[in-house]
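What follows is a set of notes on a single structure, which appears directly below.
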Amino acid sequence: MNEKALRVLEYNKIIGLLCDNTVSTMGRDLAEDLKPSKDIKEINELQQETTEAVNLILKKGSIPLSGLSDIRTIMKKVKIGAVLAPGELLKVAETLRACRRLKVFINEDKRDESFPIIEYYIDTLSTHKHIEEAVYNAIESEEEIADRASSLLYSIRRKIKDKSVSIREKLNHMITSPAYQKYLQEPIITIRGDRHVLPVKQECRANVPGIIHDQSGSGATLFIEPMTVVEMHNDLKQLKLQEIDEIERILTELTAMVEDKYESINTNIEILATLDFIFSKAKLSLQLRCTEPKINSNGIVNIKKARHPLLKEDTVVPIDVYIGESFNTLVVTGPNTGGKTVTLKTVGLLTLMSQAGLHIPASDYSEIAVFDEVFADIGDEQSIEQSLSTFSSHMTNIVSILDNITPNSLTLFDELGAGTDPTEGAALAMAILELLHKRNIRTIATTHYSELKVYALSTKGVCNASVEFDVATLRPTYKLLIGIPGKSNAFEISRKLGLRDDVINRAKEFINKEEVEFEDVIRGLEESRKKAEEERDIAARVRIDVEKGKKELDQRLDKIEAQKDRMLRDAQREALSVVKQAKEEAEALIKELREAMEKESAEKSALIEKARHSIKRKQDDIEEKIGEAVFKKPSHEPPKNLKLGDTIKIVTLNQKGYVLSLPDQEGNLMVQAGIMKVNVNINDLKSDNEEEKKPVRTGNKSIQSAKTRSVVTQVDVRGQNLEEAMMNVDKYIDDAYLAGLGQVTIIHGKGTGILRSGIMQLLKGHSHVKSYRSGAFNEGGIGATIVEIKNN
């Protein structure tokens, strides 16, 4: 891409934002070198890696790359045989640790979704945990080697410590001794060089034999190392030299371990830099709320809800702009400050971003073409030094564009032909546009010339567009309207600003009839467009309301079906419970009567036994009647000669469906019922055209009456997992709705907030819930949710 277009379209500012999202100088270097590509395959790969990184961040959070160091210079030192310093070895270890963290990050919580490009890079990383551990065990900070780096170093440092203590003790004994105190200026121990010395009076020099290391400024004090500690100091010096040698040996050994894995670590550096760069693109995409564009090589640009990435999101007006299918030249007209130049820059900059593998701030399914070159003549670049006027400057740039243009180029012209006589300027502009149009080069140009509007209307493959202006408020709306030429609005604006009507009418007389008629046509088109947009908005709102109502009705029907099934199951359970309880009570009563009458006559025992049999028969009759009412299936004939796709009814579920497979030897087959696939027996099916029995309403009323008596006004789900709690709350809300309760309380506790969040999501879409809120202070606070139930 030519550097002028990159500069005019402010591509470098996008690169600056990209660099700000990197975490290392390695990734920043890659970002700074990013240029738009012309290879559609490469562009698609770059877009795909950006999309993967965005999805990974949204799913798992930011990738663990923070604190990553640039160790490229350090590895060069290793290559030439230099020994690394402790701080440099720590940076190498931290880089290796980052590689290991990345592998853990990409492999944890791995589900169905995959990220092939990112996973390939991370899988290629090499981990050298033995180098990490060796460095961290040996080095405590950038300046300090650990005592336990080696047994010899530990022994040497132990001896150094002991020797230093011995020297201190010897000197402390001297400064506290009456024999020496009279020779000292002060009873202290000080250090000169790396030797411990005593401050001795000048005149008492002969009384303290030793080596003089320094004297005070006045010469009255000599700093003497007593002979009694000279040898001890020599031993200490020797130990410190041994310590330096051992540290050098340790560092050499650690550097050799790094050198042994030189190629592997260098590859890791390149991969980490690439990952940093890829995720900087993803972070920029999230920062600007971008989407991945569809890339084509057919010269088609169709950007939906495009926003200029360098303008504030809360102030910029999104635009829809397209070119390359039914027309290859777009002429944009409209008032100054209306957004024409921003439109040009938006199309150009988003094209460059797409070809660089960056997402663009636009709606989903936006489409961008791959161009060999993007040329832009935007802004006033007149030069005093070169004696170039505005027109000359623009024309010099246009000449350069026409000399270097390729068949697959995008050209952007701002105020084409401006800066000279309007008649000649308009003619030049039309000639330039015609040349580009005949060569099928995608071109967008802004202008004020009416002649270009007429040219666009009368030329096939050239389309008018305009930026909307609100005459009522005298403000631009910044909306781009493709297919409608812009109106100057000069007369309307002048009238709004207070210019007399007679002056405006006189001005109109100076305009020829054709121009007046043309402006009237434009005004008519504008009014028709606004009316069409209003009607379209009304139709869209009606459609949304209808779809919303249908969705609510479908959900309500599903809920009713589910409630019916649950009510039947509850009735079955309750009926069996009643029978079981009655049997147990009767058996207990008979047992008591038998025991009470054991001592009576055989005749009485016979009567009791007869009564027991009578009770038993009545119990059996009750159980049989309940069983028939609850469990007995309606009599029906199973369908015959079933074929795939036949519509049937599942009697046991009271659901309609259609046949997915033919019955096997045992009569089992697969049936699609709603969204479920069910394996049933043919005896549980009947043809859908059979007459169905009407449901008995008294049973439902009795169940509803029982619900009203049994449902309490609160449910406690604390201690349950989320799935159990959701199922219990859903059933409870249905029961409360059937019972006609107005308000209920769900107690879920505070805890981690998982139960509360899940229940809130359930209530949000529940068809029986009118509203819900967190509990007040006296209602349990955020540990409880108060739900208002709709009237049934």
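As shown in the structure tokens, the chain order sets the letters A, B, ...; within each chain, residues go from 1, and ligands are also counted from 1 in the order they appear.
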Can you tell me which residues surround Arg556 of chain A at a distance of at most 12 Å, considering only C-alpha atoms, apart from same-chain residues fewer than 5 positions away, and format the answer as a list of chain:residue names?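 Counting only C-alpha atoms, the residues come to A:Gly549, A:Lys550, A:Lys551, A:Glu561, A:Ala562, A:Gln563, A:Asp734, A:Gly765, A:His766, A:Ser767, A:His768, A:Val769, A:Asn792.
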Write out the residues from the selection above, keeping N, CA and C atoms, as a short mmCIF file (atom, residue, chain, number, x, y, z; two decimals), in the first residue's frame.
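This went into again_8.cif:
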data_model
loop_
_atom_site.label_atom_id
_atom_site.label_comp_id
_atom_site.auth_asym_id
_atom_site.auth_seq_id
_atom_site.Cartn_x
_atom_site.Cartn_y
_atom_site.Cartn_z
N GLY A 549 -45.61 -11.91 20.48
CA GLY A 549 -46.84 -12.51 20.97
C GLY A 549 -46.91 -14.00 20.66
N LYS A 550 -46.51 -14.37 19.45
CA LYS A 550 -46.52 -15.78 19.07
C LYS A 550 -45.58 -16.59 19.95
N LYS A 551 -44.39 -16.02 20.20
CA LYS A 551 -43.43 -16.72 21.04
C LYS A 551 -43.98 -16.93 22.44
N GLU A 561 -48.88 -27.80 28.75
CA GLU A 561 -48.71 -29.23 28.51
C GLU A 561 -47.86 -29.87 29.60
N ALA A 562 -46.78 -29.18 29.98
CA ALA A 562 -45.93 -29.72 31.04
C ALA A 562 -46.67 -29.78 32.37
N GLN A 563 -47.49 -28.73 32.65
CA GLN A 563 -48.27 -28.72 33.89
C GLN A 563 -49.25 -29.88 33.93
N ASP A 734 -45.18 -23.01 39.08
CA ASP A 734 -46.37 -23.55 38.42
C ASP A 734 -47.46 -23.87 39.44
N GLY A 765 -37.67 -15.26 32.32
CA GLY A 765 -38.40 -15.72 31.14
C GLY A 765 -39.62 -16.58 31.48
N HIS A 766 -40.03 -16.64 32.77
CA HIS A 766 -41.13 -17.51 33.18
C HIS A 766 -42.47 -16.88 32.83
N SER A 767 -43.35 -17.64 32.22
CA SER A 767 -44.62 -17.09 31.72
C SER A 767 -45.59 -16.78 32.85
N HIS A 768 -45.41 -17.38 34.06
CA HIS A 768 -46.32 -17.13 35.18
C HIS A 768 -45.84 -16.02 36.09
N VAL A 769 -44.65 -15.47 35.83
CA VAL A 769 -44.07 -14.45 36.72
C VAL A 769 -44.40 -13.06 36.20
N ASN A 792 -54.31 -16.22 37.18
CA ASN A 792 -54.65 -17.27 36.23
C ASN A 792 -56.11 -17.22 35.84
#
Give me the residues near Thr420 of chain A as JSON, numbers by chain, where near means some atom within 8 Å (using only C-alpha atoms) and where sequence neighbours in that chain fewer than 4 positions away do not count. {"A": [391, 424, 425]}
Keeping only N, CA and C atoms, take the residues you just selected and write them out as a PDB file, in the first residue's frame.
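Below is the file result-v6.pdb, written as the result:
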ATOM      1  N   PHE A 391      -6.134  23.907  -5.528  1.00  0.00           N
ATOM      2  CA  PHE A 391      -6.449  23.161  -6.750  1.00  0.00           C
ATOM      3  C   PHE A 391      -5.214  22.447  -7.296  1.00  0.00           C
ATOM      4  N   GLU A 424     -15.478  24.680 -15.012  1.00  0.00           N
ATOM      5  CA  GLU A 424     -14.330  23.870 -15.417  1.00  0.00           C
ATOM      6  C   GLU A 424     -14.066  22.747 -14.412  1.00  0.00           C
ATOM      7  N   GLY A 425     -14.218  23.060 -13.123  1.00  0.00           N
ATOM      8  CA  GLY A 425     -13.988  22.036 -12.087  1.00  0.00           C
ATOM      9  C   GLY A 425     -14.936  20.877 -12.230  1.00  0.00           C
TER      10      GLY A 425
END
Which residues, written as a list of chain:residue names, have at least one atom at most 12 Å from Tyr120 of chain A, with only C-alpha atoms counted and residues fewer than 6 positions away on the same chain left out?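 The filter keeps A:Glu49, A:Glu52, A:Leu102, A:Lys103, A:Ile106, A:Ser114, A:Ile271, A:Thr274, A:Leu275.
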Close residues, segment 641-645 of chain A itself excluded, 10 Å, only C-alpha atoms, min 4 positions apart in chain, as an MDAnalysis selection string: chainID A and resid 657:663 671:672 682 687
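Distances to Ala725 of chain A were evaluated for A:Pro485, A:Gly758, A:Gly61, A:Gly753 using only C-alpha atoms, and the minimum falls at A:Gly758.
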Each segment 22-59 of chain A residue no farther than 12 Å from segment 281-286 of chain A, nearest pair in Å, only C-alpha atoms, as JSON lines:
{"residue": "A:Thr22", "atom": "CA", "partner": "A:Lys281", "partner_atom": "CA", "distance": 8.7}
{"residue": "A:Val23", "atom": "CA", "partner": "A:Lys283", "partner_atom": "CA", "distance": 11.3}
{"residue": "A:Gly27", "atom": "CA", "partner": "A:Lys281", "partner_atom": "CA", "distance": 10.6}
{"residue": "A:Arg28", "atom": "CA", "partner": "A:Lys281", "partner_atom": "CA", "distance": 11.2}
{"residue": "A:Leu30", "atom": "CA", "partner": "A:Lys281", "partner_atom": "CA", "distance": 11.1}
{"residue": "A:Ala31", "atom": "CA", "partner": "A:Lys281", "partner_atom": "CA", "distance": 8.7}
{"residue": "A:Leu34", "atom": "CA", "partner": "A:Lys281", "partner_atom": "CA", "distance": 10.8}
{"residue": "A:Leu46", "atom": "CA", "partner": "A:Lys281", "partner_atom": "CA", "distance": 9.8}
{"residue": "A:Gln47", "atom": "CA", "partner": "A:Lys281", "partner_atom": "CA", "distance": 9.5}
{"residue": "A:Gln48", "atom": "CA", "partner": "A:Ala282", "partner_atom": "CA", "distance": 10.7}
{"residue": "A:Glu49", "atom": "CA", "partner": "A:Ala282", "partner_atom": "CA", "distance": 8.7}
{"residue": "A:Thr50", "atom": "CA", "partner": "A:Ala282", "partner_atom": "CA", "distance": 5.4}
{"residue": "A:Thr51", "atom": "CA", "partner": "A:Ala282", "partner_atom": "CA", "distance": 7.1}
{"residue": "A:Glu52", "atom": "CA", "partner": "A:Ala282", "partner_atom": "CA", "distance": 8.3}
{"residue": "A:Ala53", "atom": "CA", "partner": "A:Ala282", "partner_atom": "CA", "distance": 5.6}
{"residue": "A:Val54", "atom": "CA", "partner": "A:Ala282", "partner_atom": "CA", "distance": 4.8}
{"residue": "A:Asn55", "atom": "CA", "partner": "A:Ala282", "partner_atom": "CA", "distance": 8.6}
{"residue": "A:Leu56", "atom": "CA", "partner": "A:Ala282", "partner_atom": "CA", "distance": 9.3}
{"residue": "A:Ile57", "atom": "CA", "partner": "A:Ala282", "partner_atom": "CA", "distance": 8.0}
{"residue": "A:Leu58", "atom": "CA", "partner": "A:Leu286", "partner_atom": "CA", "distance": 9.3}
Any chance you could list, as a PyMOL selection string, the residues in segment 89-298 of chain A that come up strand (DSSP E or B) when DSSP is run on the backbone? chain A and resi 139+145+184+190-192+195-201+210-215+221-226+291+294-296
